[in-house]
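Next comes protein_12.cif, a file with mmCIF, C-alpha atoms and all ligand atoms.
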data_target
#
loop_
_atom_site.label_atom_id
_atom_site.label_comp_id
_atom_site.auth_asym_id
_atom_site.auth_seq_id
_atom_site.Cartn_x
_atom_site.Cartn_y
_atom_site.Cartn_z
CA MET X 6 -30.83 -19.59 35.80
CA THR X 7 -29.06 -18.38 38.93
CA ASN X 8 -26.01 -16.18 38.94
CA ASN X 9 -23.52 -19.01 39.27
CA GLU X 10 -25.03 -21.75 37.15
CA THR X 11 -23.33 -22.53 33.84
CA VAL X 12 -25.73 -23.51 31.06
CA THR X 13 -24.28 -25.81 28.39
CA ARG X 14 -25.77 -26.15 24.91
CA LYS X 15 -24.63 -27.90 21.74
CA TYR X 16 -25.35 -26.26 18.40
CA SER X 17 -24.99 -28.37 15.26
CA PHE X 18 -24.12 -27.10 11.82
CA SER X 19 -23.61 -29.24 8.71
CA ASN X 20 -19.89 -29.76 9.33
CA LYS X 21 -19.40 -28.99 13.02
CA THR X 22 -21.09 -29.14 16.40
CA ILE X 23 -20.10 -26.34 18.72
CA ASP X 24 -20.27 -26.29 22.50
CA CYS X 25 -21.69 -23.21 24.07
CA PHE X 26 -21.16 -22.37 27.74
CA PHE X 27 -23.39 -19.57 29.02
CA ASN X 28 -22.93 -17.87 32.36
CA ALA X 29 -19.50 -19.50 32.61
CA LYS X 30 -16.21 -18.34 34.07
CA PHE X 31 -13.17 -17.53 31.94
CA SER X 32 -11.14 -19.90 34.12
CA MET X 33 -13.14 -22.75 32.55
CA LEU X 34 -10.99 -22.24 29.45
CA GLU X 35 -8.33 -24.38 31.15
CA GLU X 36 -10.75 -27.35 30.97
CA LEU X 37 -11.48 -26.78 27.26
CA VAL X 38 -7.96 -26.42 25.87
CA LYS X 39 -4.39 -27.36 26.76
CA LYS X 40 -2.92 -24.14 28.08
CA GLU X 41 0.58 -24.81 26.70
CA ASN X 42 -0.81 -25.27 23.15
CA THR X 43 -3.15 -22.31 23.25
CA ILE X 44 -2.69 -18.76 22.01
CA LEU X 45 -5.24 -16.08 22.86
CA ILE X 46 -5.91 -13.23 20.44
CA THR X 47 -7.33 -10.04 21.90
CA ASP X 48 -7.10 -6.27 21.47
CA GLU X 49 -5.27 -3.56 23.39
CA ASN X 50 -8.42 -2.15 25.07
CA LEU X 51 -9.59 -5.40 26.57
CA PHE X 52 -6.06 -6.48 27.46
CA ALA X 53 -5.55 -3.23 29.39
CA LYS X 54 -8.88 -3.41 31.21
CA GLN X 55 -8.94 -7.12 32.09
CA SER X 56 -5.22 -7.94 32.21
CA GLU X 57 -5.63 -10.36 35.15
CA LYS X 58 -7.70 -12.72 32.97
CA PHE X 59 -4.83 -13.07 30.46
CA SER X 60 -2.17 -13.76 33.06
CA GLY X 61 -0.36 -17.03 32.36
CA TRP X 62 -1.73 -17.33 28.79
CA LYS X 63 0.30 -16.76 25.62
CA THR X 64 -1.50 -13.76 24.16
CA ILE X 65 -1.36 -11.80 20.91
CA VAL X 66 -2.60 -8.26 21.48
CA LEU X 67 -3.85 -6.49 18.36
CA LYS X 68 -4.77 -2.87 17.67
CA PRO X 69 -8.44 -2.28 18.54
CA GLY X 70 -11.40 -1.30 16.41
CA GLU X 71 -12.89 -1.62 12.96
CA ALA X 72 -10.10 0.47 11.38
CA PHE X 73 -7.74 -2.41 12.15
CA LYS X 74 -9.98 -5.22 10.87
CA ASN X 75 -7.76 -5.54 7.83
CA GLN X 76 -5.00 -7.54 6.15
CA ASP X 77 -2.20 -5.65 7.93
CA THR X 78 -3.55 -6.80 11.29
CA VAL X 79 -3.93 -10.35 9.97
CA ASN X 80 -0.26 -10.25 8.85
CA ASP X 81 0.72 -8.93 12.28
CA ALA X 82 -1.17 -11.78 13.98
CA ILE X 83 0.45 -14.36 11.68
CA ASP X 84 3.93 -12.94 12.38
CA GLN X 85 3.28 -13.24 16.10
CA LEU X 86 1.98 -16.81 15.71
CA ILE X 87 5.24 -17.69 13.93
CA GLN X 88 7.28 -16.04 16.71
CA LEU X 89 5.31 -18.06 19.27
CA GLN X 90 6.10 -21.20 17.24
CA ALA X 91 2.44 -21.98 16.64
CA ASP X 92 1.93 -25.26 14.79
CA ARG X 93 -0.98 -27.50 13.74
CA GLN X 94 -1.61 -28.47 17.37
CA THR X 95 -2.04 -24.84 18.38
CA PHE X 96 -5.50 -23.82 19.57
CA ILE X 97 -6.40 -20.17 18.94
CA VAL X 98 -8.97 -18.46 21.14
CA GLY X 99 -10.34 -15.07 20.11
CA VAL X 100 -11.17 -13.08 23.27
CA GLY X 101 -12.86 -9.81 22.46
CA GLY X 102 -15.54 -7.99 20.53
CA GLY X 103 -16.72 -8.76 17.01
CA VAL X 104 -13.60 -7.34 15.40
CA ILE X 105 -11.43 -9.79 17.34
CA THR X 106 -13.68 -12.81 16.82
CA ASP X 107 -13.88 -12.03 13.07
CA ILE X 108 -10.07 -11.70 12.82
CA ALA X 109 -9.23 -14.63 15.12
CA GLY X 110 -11.59 -16.98 13.25
CA PHE X 111 -10.10 -15.88 9.93
CA VAL X 112 -6.48 -16.20 11.07
CA ALA X 113 -7.16 -19.64 12.61
CA SER X 114 -8.85 -20.75 9.37
CA ILE X 115 -5.87 -19.83 7.18
CA TYR X 116 -2.87 -20.42 9.47
CA MET X 117 -1.29 -23.73 8.36
CA ARG X 118 -4.50 -24.29 6.37
CA GLU X 119 -6.55 -24.25 9.61
CA VAL X 120 -5.96 -24.76 13.28
CA ASN X 121 -8.63 -25.29 15.95
CA PHE X 122 -10.21 -22.23 17.42
CA GLY X 123 -12.78 -21.05 19.94
CA PHE X 124 -14.26 -17.72 20.99
CA VAL X 125 -14.79 -15.85 24.23
CA PRO X 126 -17.01 -12.97 23.06
CA THR X 127 -16.72 -9.95 25.36
CA SER X 128 -18.95 -7.25 23.83
CA ILE X 129 -22.74 -7.54 23.68
CA LEU X 130 -22.53 -7.44 19.89
CA ALA X 131 -20.04 -10.29 19.74
CA MET X 132 -22.01 -12.31 22.32
CA VAL X 133 -25.35 -12.14 20.50
CA ASP X 134 -24.22 -11.95 16.91
CA ALA X 135 -20.62 -11.82 15.62
CA SER X 136 -19.37 -15.00 17.30
CA ILE X 137 -22.24 -17.17 16.02
CA GLY X 138 -22.80 -18.37 12.48
CA GLY X 139 -19.27 -19.03 11.27
CA LYS X 140 -18.64 -15.84 9.27
CA ASN X 141 -15.06 -14.64 9.84
CA GLY X 142 -13.10 -12.10 7.89
CA ILE X 143 -11.78 -8.62 7.34
CA ASP X 144 -12.54 -5.37 5.56
CA VAL X 145 -10.69 -4.12 2.49
CA GLY X 146 -10.70 -0.32 2.49
CA VAL X 147 -14.32 0.77 2.81
CA TYR X 148 -15.59 -2.65 1.71
CA LYS X 149 -16.95 -4.40 4.80
CA ASN X 150 -16.17 -8.09 5.25
CA LEU X 151 -14.99 -8.39 1.64
CA VAL X 152 -12.52 -11.19 2.40
CA GLY X 153 -13.25 -14.12 4.68
CA VAL X 154 -14.33 -17.67 5.30
CA ILE X 155 -17.26 -19.55 6.80
CA ASN X 156 -15.91 -21.74 9.58
CA HIS X 157 -17.36 -22.37 13.04
CA PRO X 158 -15.39 -22.24 16.29
CA ARG X 159 -15.18 -25.38 18.47
CA PHE X 160 -16.75 -23.55 21.40
CA LEU X 161 -18.19 -20.31 22.66
CA LEU X 162 -17.47 -19.41 26.28
CA TYR X 163 -19.58 -16.66 27.83
CA ASP X 164 -18.27 -14.96 30.95
CA ASN X 165 -20.55 -12.01 31.76
CA SER X 166 -17.93 -10.46 34.05
CA PHE X 167 -16.22 -9.17 30.90
CA LEU X 168 -19.17 -6.81 30.53
CA GLU X 169 -18.15 -4.94 33.69
CA THR X 170 -15.58 -2.99 31.67
CA LEU X 171 -17.56 -2.69 28.41
CA PRO X 172 -18.03 1.05 27.65
CA HIS X 173 -21.63 2.32 27.78
CA GLU X 174 -21.66 3.14 24.05
CA GLU X 175 -20.71 -0.48 23.30
CA TRP X 176 -23.73 -1.71 25.28
CA ILE X 177 -25.88 0.54 23.09
CA ASN X 178 -24.09 -0.72 19.98
CA GLY X 179 -24.90 -4.35 20.85
CA PHE X 180 -28.59 -3.69 21.41
CA ALA X 181 -28.99 -2.83 17.72
CA GLU X 182 -28.53 -6.52 16.85
CA ILE X 183 -30.77 -7.62 19.75
CA ILE X 184 -33.55 -5.34 18.48
CA LYS X 185 -32.93 -6.66 14.95
CA HIS X 186 -33.41 -10.23 16.21
CA ALA X 187 -36.63 -9.19 17.95
CA CYS X 188 -37.88 -7.53 14.74
CA ILE X 189 -37.20 -10.50 12.49
CA LYS X 190 -38.04 -13.44 14.75
CA ASP X 191 -39.43 -12.75 18.19
CA ALA X 192 -42.43 -10.47 18.78
CA ARG X 193 -42.49 -11.41 22.50
CA MET X 194 -38.89 -10.34 22.93
CA PHE X 195 -39.76 -7.09 21.11
CA GLN X 196 -42.51 -6.43 23.69
CA PHE X 197 -40.21 -7.41 26.56
CA LEU X 198 -37.60 -4.94 25.32
CA GLN X 199 -40.29 -2.26 25.10
CA GLN X 200 -41.10 -2.85 28.77
CA SER X 201 -37.44 -2.84 29.85
CA SER X 202 -34.52 -0.44 29.62
CA LEU X 203 -30.80 -0.62 28.98
CA ALA X 204 -30.24 0.19 32.67
CA ASP X 205 -32.26 -2.91 33.67
CA PHE X 206 -29.92 -5.14 31.67
CA LYS X 207 -26.75 -3.33 32.73
CA SER X 208 -27.63 -3.80 36.38
CA SER X 209 -28.60 -7.47 36.30
CA ASP X 210 -26.20 -10.26 35.42
CA GLU X 211 -29.15 -12.63 35.31
CA ALA X 212 -31.22 -10.44 32.95
CA ILE X 213 -28.40 -9.88 30.46
CA GLY X 214 -27.38 -13.55 30.68
CA LYS X 215 -30.89 -14.68 29.73
CA LEU X 216 -31.21 -12.12 26.96
CA VAL X 217 -27.85 -13.13 25.48
CA GLN X 218 -28.80 -16.81 25.48
CA GLN X 219 -32.19 -16.06 23.86
CA ASN X 220 -30.43 -14.10 21.12
CA VAL X 221 -27.82 -16.78 20.49
CA GLU X 222 -30.65 -19.26 20.02
CA ILE X 223 -32.44 -16.99 17.54
CA LYS X 224 -29.29 -16.51 15.50
CA TYR X 225 -28.37 -20.20 15.70
CA ASN X 226 -31.83 -21.33 14.53
CA VAL X 227 -31.77 -18.97 11.56
CA VAL X 228 -28.21 -19.88 10.53
CA ALA X 229 -28.65 -23.65 11.02
CA SER X 230 -31.73 -23.65 8.79
CA ASP X 231 -29.90 -21.81 5.99
CA GLU X 232 -26.12 -21.97 6.33
CA ARG X 233 -25.41 -20.70 2.81
CA GLU X 234 -27.80 -17.74 2.99
CA ALA X 235 -30.23 -18.92 0.34
CA GLY X 236 -33.36 -18.00 2.31
CA ASP X 237 -34.08 -17.24 5.97
CA ARG X 238 -30.50 -16.18 6.81
CA LYS X 239 -31.07 -13.11 4.65
CA LEU X 240 -33.36 -11.89 7.44
CA LEU X 241 -30.25 -11.34 9.55
CA ASN X 242 -29.19 -8.73 7.00
CA PHE X 243 -32.12 -6.49 8.05
CA GLY X 244 -30.59 -3.01 8.20
CA HIS X 245 -27.21 -4.21 6.97
CA THR X 246 -27.35 -3.28 3.28
CA ILE X 247 -27.57 0.42 3.96
CA GLY X 248 -25.88 0.02 7.36
CA HIS X 249 -22.70 -1.43 5.88
CA ALA X 250 -22.68 1.20 3.15
CA ILE X 251 -22.49 4.00 5.73
CA GLU X 252 -20.54 2.22 8.52
CA ASN X 253 -17.03 2.68 7.16
CA THR X 254 -17.62 5.69 4.93
CA ALA X 255 -19.09 7.70 7.83
CA GLN X 256 -17.03 5.87 10.49
CA LEU X 257 -20.07 4.90 12.51
CA GLN X 258 -20.13 2.11 15.05
CA HIS X 259 -21.60 -1.09 13.64
CA GLY X 260 -24.71 -0.94 15.84
CA SER X 261 -25.40 2.71 15.03
CA ALA X 262 -25.05 2.02 11.31
CA ILE X 263 -27.39 -0.97 11.53
CA SER X 264 -29.95 1.01 13.54
CA ILE X 265 -30.04 3.72 10.87
CA GLY X 266 -30.05 1.00 8.20
CA MET X 267 -33.10 -0.70 9.74
CA ILE X 268 -35.12 2.52 9.67
CA ALA X 269 -34.00 3.17 6.09
CA ALA X 270 -35.05 -0.38 5.13
CA CYS X 271 -38.45 0.17 6.78
CA ALA X 272 -38.91 3.42 4.83
CA ILE X 273 -38.09 1.65 1.55
CA SER X 274 -40.46 -1.21 2.47
CA GLU X 275 -43.24 1.27 3.19
CA LYS X 276 -42.87 2.45 -0.42
CA ILE X 277 -42.45 -0.85 -2.22
CA ASN X 278 -44.10 -3.47 0.05
CA ASN X 279 -46.79 -1.54 1.90
CA PHE X 280 -44.92 -2.08 5.19
CA SER X 281 -47.00 -0.28 7.79
CA LYS X 282 -45.95 3.14 9.08
CA GLU X 283 -47.06 2.06 12.57
CA ASP X 284 -44.57 -0.83 12.54
CA THR X 285 -41.79 1.51 11.40
CA GLU X 286 -42.75 3.83 14.24
CA GLN X 287 -42.58 1.04 16.84
CA ILE X 288 -39.12 0.00 15.62
CA ARG X 289 -37.92 3.61 15.56
CA SER X 290 -39.22 4.16 19.07
CA LEU X 291 -37.60 0.98 20.45
CA LEU X 292 -34.23 1.86 18.87
CA SER X 293 -34.46 5.36 20.39
CA GLN X 294 -35.44 3.87 23.77
CA TYR X 295 -32.10 2.00 23.69
CA HIS X 296 -30.28 5.24 22.72
CA LEU X 297 -29.57 4.19 19.13
CA PRO X 298 -29.50 6.74 16.27
CA VAL X 299 -32.33 6.53 13.73
CA THR X 300 -31.37 9.33 11.37
CA PHE X 301 -28.31 10.14 9.30
CA ASN X 302 -27.40 13.37 7.54
CA ILE X 303 -25.47 13.26 4.32
CA ASP X 304 -24.43 16.00 1.96
CA LYS X 305 -25.94 15.08 -1.37
CA PRO X 306 -23.56 15.89 -4.23
CA GLY X 307 -24.65 19.03 -6.05
CA THR X 308 -26.78 20.43 -3.19
N1 LIG X 401 -19.19 -12.53 11.88
C1 LIG X 401 -20.43 -12.10 11.99
O1 LIG X 401 -21.40 -12.83 11.73
C2 LIG X 401 -20.67 -10.70 12.46
C3 LIG X 401 -21.96 -10.29 12.84
C4 LIG X 401 -22.12 -9.00 13.33
C5 LIG X 401 -21.03 -8.13 13.42
N2 LIG X 401 -19.82 -8.57 13.02
C6 LIG X 401 -18.64 -7.67 13.11
O2 LIG X 401 -18.41 -7.35 14.48
C7 LIG X 401 -17.71 -6.10 14.52
C8 LIG X 401 -18.31 -5.24 15.58
O3 LIG X 401 -18.18 -5.89 16.83
P1 LIG X 401 -18.03 -5.03 18.18
O4 LIG X 401 -19.06 -3.98 18.19
O5 LIG X 401 -17.92 -5.98 19.29
O6 LIG X 401 -16.64 -4.25 17.91
P2 LIG X 401 -15.20 -4.32 18.58
O7 LIG X 401 -14.65 -5.67 18.56
O8 LIG X 401 -14.41 -3.24 17.94
O9 LIG X 401 -15.49 -3.94 20.10
C9 LIG X 401 -15.97 -2.65 20.39
C10 LIG X 401 -15.04 -1.94 21.38
O10 LIG X 401 -15.24 -2.51 22.67
C11 LIG X 401 -14.00 -2.94 23.22
N3 LIG X 401 -14.32 -4.07 24.07
C12 LIG X 401 -14.85 -5.27 23.70
N4 LIG X 401 -15.16 -5.99 24.79
C13 LIG X 401 -14.81 -5.23 25.86
C14 LIG X 401 -14.92 -5.43 27.26
N5 LIG X 401 -15.48 -6.51 27.79
N6 LIG X 401 -14.43 -4.45 28.09
C15 LIG X 401 -13.90 -3.33 27.56
N7 LIG X 401 -13.82 -3.07 26.25
C16 LIG X 401 -14.27 -4.03 25.41
C17 LIG X 401 -13.11 -3.21 22.04
O11 LIG X 401 -11.76 -3.08 22.38
C18 LIG X 401 -13.56 -2.11 21.07
O12 LIG X 401 -12.91 -0.91 21.38
C19 LIG X 401 -17.81 -5.49 13.13
O13 LIG X 401 -16.57 -5.63 12.47
C20 LIG X 401 -18.87 -6.35 12.44
O14 LIG X 401 -18.66 -6.44 11.05
C21 LIG X 401 -19.60 -9.82 12.56
#
Please express the file's structure as structure tokens.
Amino acid sequence: MTNNETVTRKYSFSNKTIDCFFNAKFSMLEELVKKENTILITDENLFAKQSEKFSGWKTIVLKPGEAFKNQDTVNDAIDQLIQLQADRQTFIVGVGGGVITDIAGFVASIYMREVNFGFVPTSILAMVDASIGGKNGIDVGVYKNLVGVINHPRFLLYDNSFLETLPHEEWINGFAEIIKHACIKDARMFQFLQQSSLADFKSSDEAIGKLVQQNVEIKYNVVASDEREAGDRKLLNFGHTIGHAIENTAQLQHGSAISIGMIAACAISEKINNFSKEDTEQIRSLLSQYHLPVTFNIDKPGT
């Protein structure tokens, strides 16, 4: 893959085939949708940092971050869709991190009982994980993703130039899911990550482009083989049971919570499944190498 070559892939699920454009340009969106019928949904941070990309597009700009992944924000988005006279022909495109793709997919799935939608994921986490697999939804209080739907977008458009403004801590955040994918499905990628550094990926459009595509394929293969999470898809929850429990209560970033959750899961597996301490150590060391937290202090009640 060279720096300017778009790679196109089709991914099929039981009820939809989605087009995926890697290493593409945002301007390609004009070939995928009718501009006059399209409404972009993004958040204030991305809109401020990449305003030129949104120029000429009808855009709904939502409050950023996990704290706003809730019903109030969904209501706000729906009000704005009504003001923009969105109808069944409207195409919604979520342009942003995982919070925006989760909300945009949910809003598109319920507005007028479903309108077409696509995603332009702009954080590493959304590129490799949140935008793939069809899960869309919102939090209710501290309960993560309590309300939502499973519905796939029509397309995923990857423009790596969005990453130029992604804050450093969000790069770190995204690598938690990349390391999770390596742990559950790809020992060679695990070794490759051991031999590389975050700086290597931040400085090379080609390196991050390849890594993103590899991770999309891992997630797609797992989801396509088990769309309803009866078997293999549960592997994607590695680190998420404990991770989700602490993410909103301790207000951690998703990736940090999942990193801590993976080490906690390893520790539990050492006790109940004879998971090897050496493997835990390798995972801990790789997470630390990518600047992710591996410990968490809580005040136990009564101590
Ligand atoms: N649906 C799924 O299968 C799935 C899977 C994993 C995670 N998720 C969800 O994804 C969410 C986390 O995603 P996230 O980490 O991307 O969070 P996020 O959407 O909040 O993005 C993180 C921050 O980066 C900013 N940002 C995003 N792209 C940017 C860019 N290119 N330049 C500048 N700033 C940018 C955002 O404004 C935000 O402040 C969580 O809600 C999690 O539950 C969903």
Closest-contact table, chain X side, partner ligand LIG 401 (chain X), 6 Å, counting only C-alpha atoms and all ligand atoms, as a Markdown table:
| residue | atom | partner | partner_atom | distance |
| --- | --- | --- | --- | --- |
| X:Asp48 | CA | X:LIG401 | O11 | 5.7 |
| X:Asn50 | CA | X:LIG401 | O11 | 4.4 |
| X:Leu51 | CA | X:LIG401 | N7 | 4.8 |
| X:Pro69 | CA | X:LIG401 | O11 | 5.1 |
| X:Gly70 | CA | X:LIG401 | O8 | 3.9 |
| X:Glu71 | CA | X:LIG401 | O8 | 5.5 |
| X:Gly101 | CA | X:LIG401 | N4 | 5.0 |
| X:Gly102 | CA | X:LIG401 | O7 | 3.2 |
| X:Gly103 | CA | X:LIG401 | O3 | 3.2 |
| X:Val104 | CA | X:LIG401 | O7 | 3.7 |
| X:Ile105 | CA | X:LIG401 | O7 | 5.4 |
| X:Asp107 | CA | X:LIG401 | N1 | 5.5 |
| X:Thr127 | CA | X:LIG401 | N4 | 4.3 |
| X:Ser128 | CA | X:LIG401 | N4 | 4.1 |
| X:Leu130 | CA | X:LIG401 | O5 | 4.9 |
| X:Ala131 | CA | X:LIG401 | O5 | 4.8 |
| X:Asp134 | CA | X:LIG401 | C3 | 4.9 |
| X:Ala135 | CA | X:LIG401 | C2 | 3.4 |
| X:Ser136 | CA | X:LIG401 | N1 | 6.0 |
| X:Gly138 | CA | X:LIG401 | O1 | 5.8 |
| X:Lys140 | CA | X:LIG401 | N1 | 4.3 |
| X:Asn141 | CA | X:LIG401 | N1 | 5.1 |
| X:Phe167 | CA | X:LIG401 | N5 | 4.2 |
| X:Leu168 | CA | X:LIG401 | N5 | 4.6 |
| X:Thr170 | CA | X:LIG401 | N6 | 4.0 |
| X:Leu171 | CA | X:LIG401 | N6 | 3.6 |
| X:Glu175 | CA | X:LIG401 | O10 | 5.9 |
| X:His259 | CA | X:LIG401 | C8 | 5.6 |
Computed interatomic separation between CA of Trp176 (chain X) and CA of Leu161 (chain X) (Å): 19.6 Å
Looking at X:His157, X:Phe206, X:Ser264, X:Val79, which one is nearest to Ser290 (chain X), with distances taken over all atoms listed in the file? X:Ser264
Residues at most 9 Å from Leu162 (chain X), counting all atoms listed in the file, excluding those fewer than 3 positions away in the same chain, as a ChimeraX atom specification? /X:24-31,33-34,123-126
Spatial sel., origin (-2.9, -18.0, 27.7), limit 9 Å, all atoms listed in the file, listed as a PyMOL selection string: chain X and resi 40-45+58-64+98
Keeping only C-alpha atoms, write the selected residues as a compact mmCIF listing (two decimals), in the coordinates of the input.
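New file part-v1.txt:
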# COMPACT_ATOMS: atom_id res chain seq x y z
CA LYS X 40 -2.92 -24.14 28.08
CA GLU X 41 0.58 -24.81 26.70
CA ASN X 42 -0.81 -25.27 23.15
CA THR X 43 -3.15 -22.31 23.25
CA ILE X 44 -2.69 -18.76 22.01
CA LEU X 45 -5.24 -16.08 22.86
CA LYS X 58 -7.70 -12.72 32.97
CA PHE X 59 -4.83 -13.07 30.46
CA SER X 60 -2.17 -13.76 33.06
CA GLY X 61 -0.36 -17.03 32.36
CA TRP X 62 -1.73 -17.33 28.79
CA LYS X 63 0.30 -16.76 25.62
CA THR X 64 -1.50 -13.76 24.16
CA VAL X 98 -8.97 -18.46 21.14
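Taking all atoms listed in the file into account, those protein, DNA and RNA residues with any atom at most 10 Å away from (-18.2, 1.0, 10.1) amount to Gly70, Glu71, Ala72, Asp144, Val147, Tyr148, Lys149, Gly248, His249, Ala250, Ile251, Glu252, Asn253, Thr254, Ala255, Gln256, Leu257, Gln258, His259, Gly260, Ser261, Ala262 and Ile263 of chain X.
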For Arg238 (chain X), the nearest of the candidates X:Tyr16, X:Ile189, X:Gly214, X:Thr285, counting only C-alpha atoms: X:Ile189
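Counting all atoms listed in the file, the residue from X:Asn75, X:Thr106, X:Ser114, X:Thr300 that sits nearest to Arg93 (chain X) is X:Ser114.
CA of Ala269 (chain X) sits 17.2 Å away from CA of His296 (chain X).
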Would you give the centre and edge lengths, in Å to one decimal, of a box along x, y and z around the listed atoms of region 136-149 of chain X, with 5 Å added to each side, as lines of an AutoDock Vina configuration file?
center_x = -16.7
center_y = -9.1
center_z = 9.5
size_x = 22.1
size_y = 29.8
size_z = 25.6
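Going from CA of Ile288 (chain X) over to CA of His186 (chain X), you cover 11.7 Å.
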Selection near Ser17 (chain X), 9 Å with only C-alpha atoms, sequence-local residues under 4 positions removed, as JSON, numbers by chain: {"X": [21, 22, 23, 24, 225, 229]}
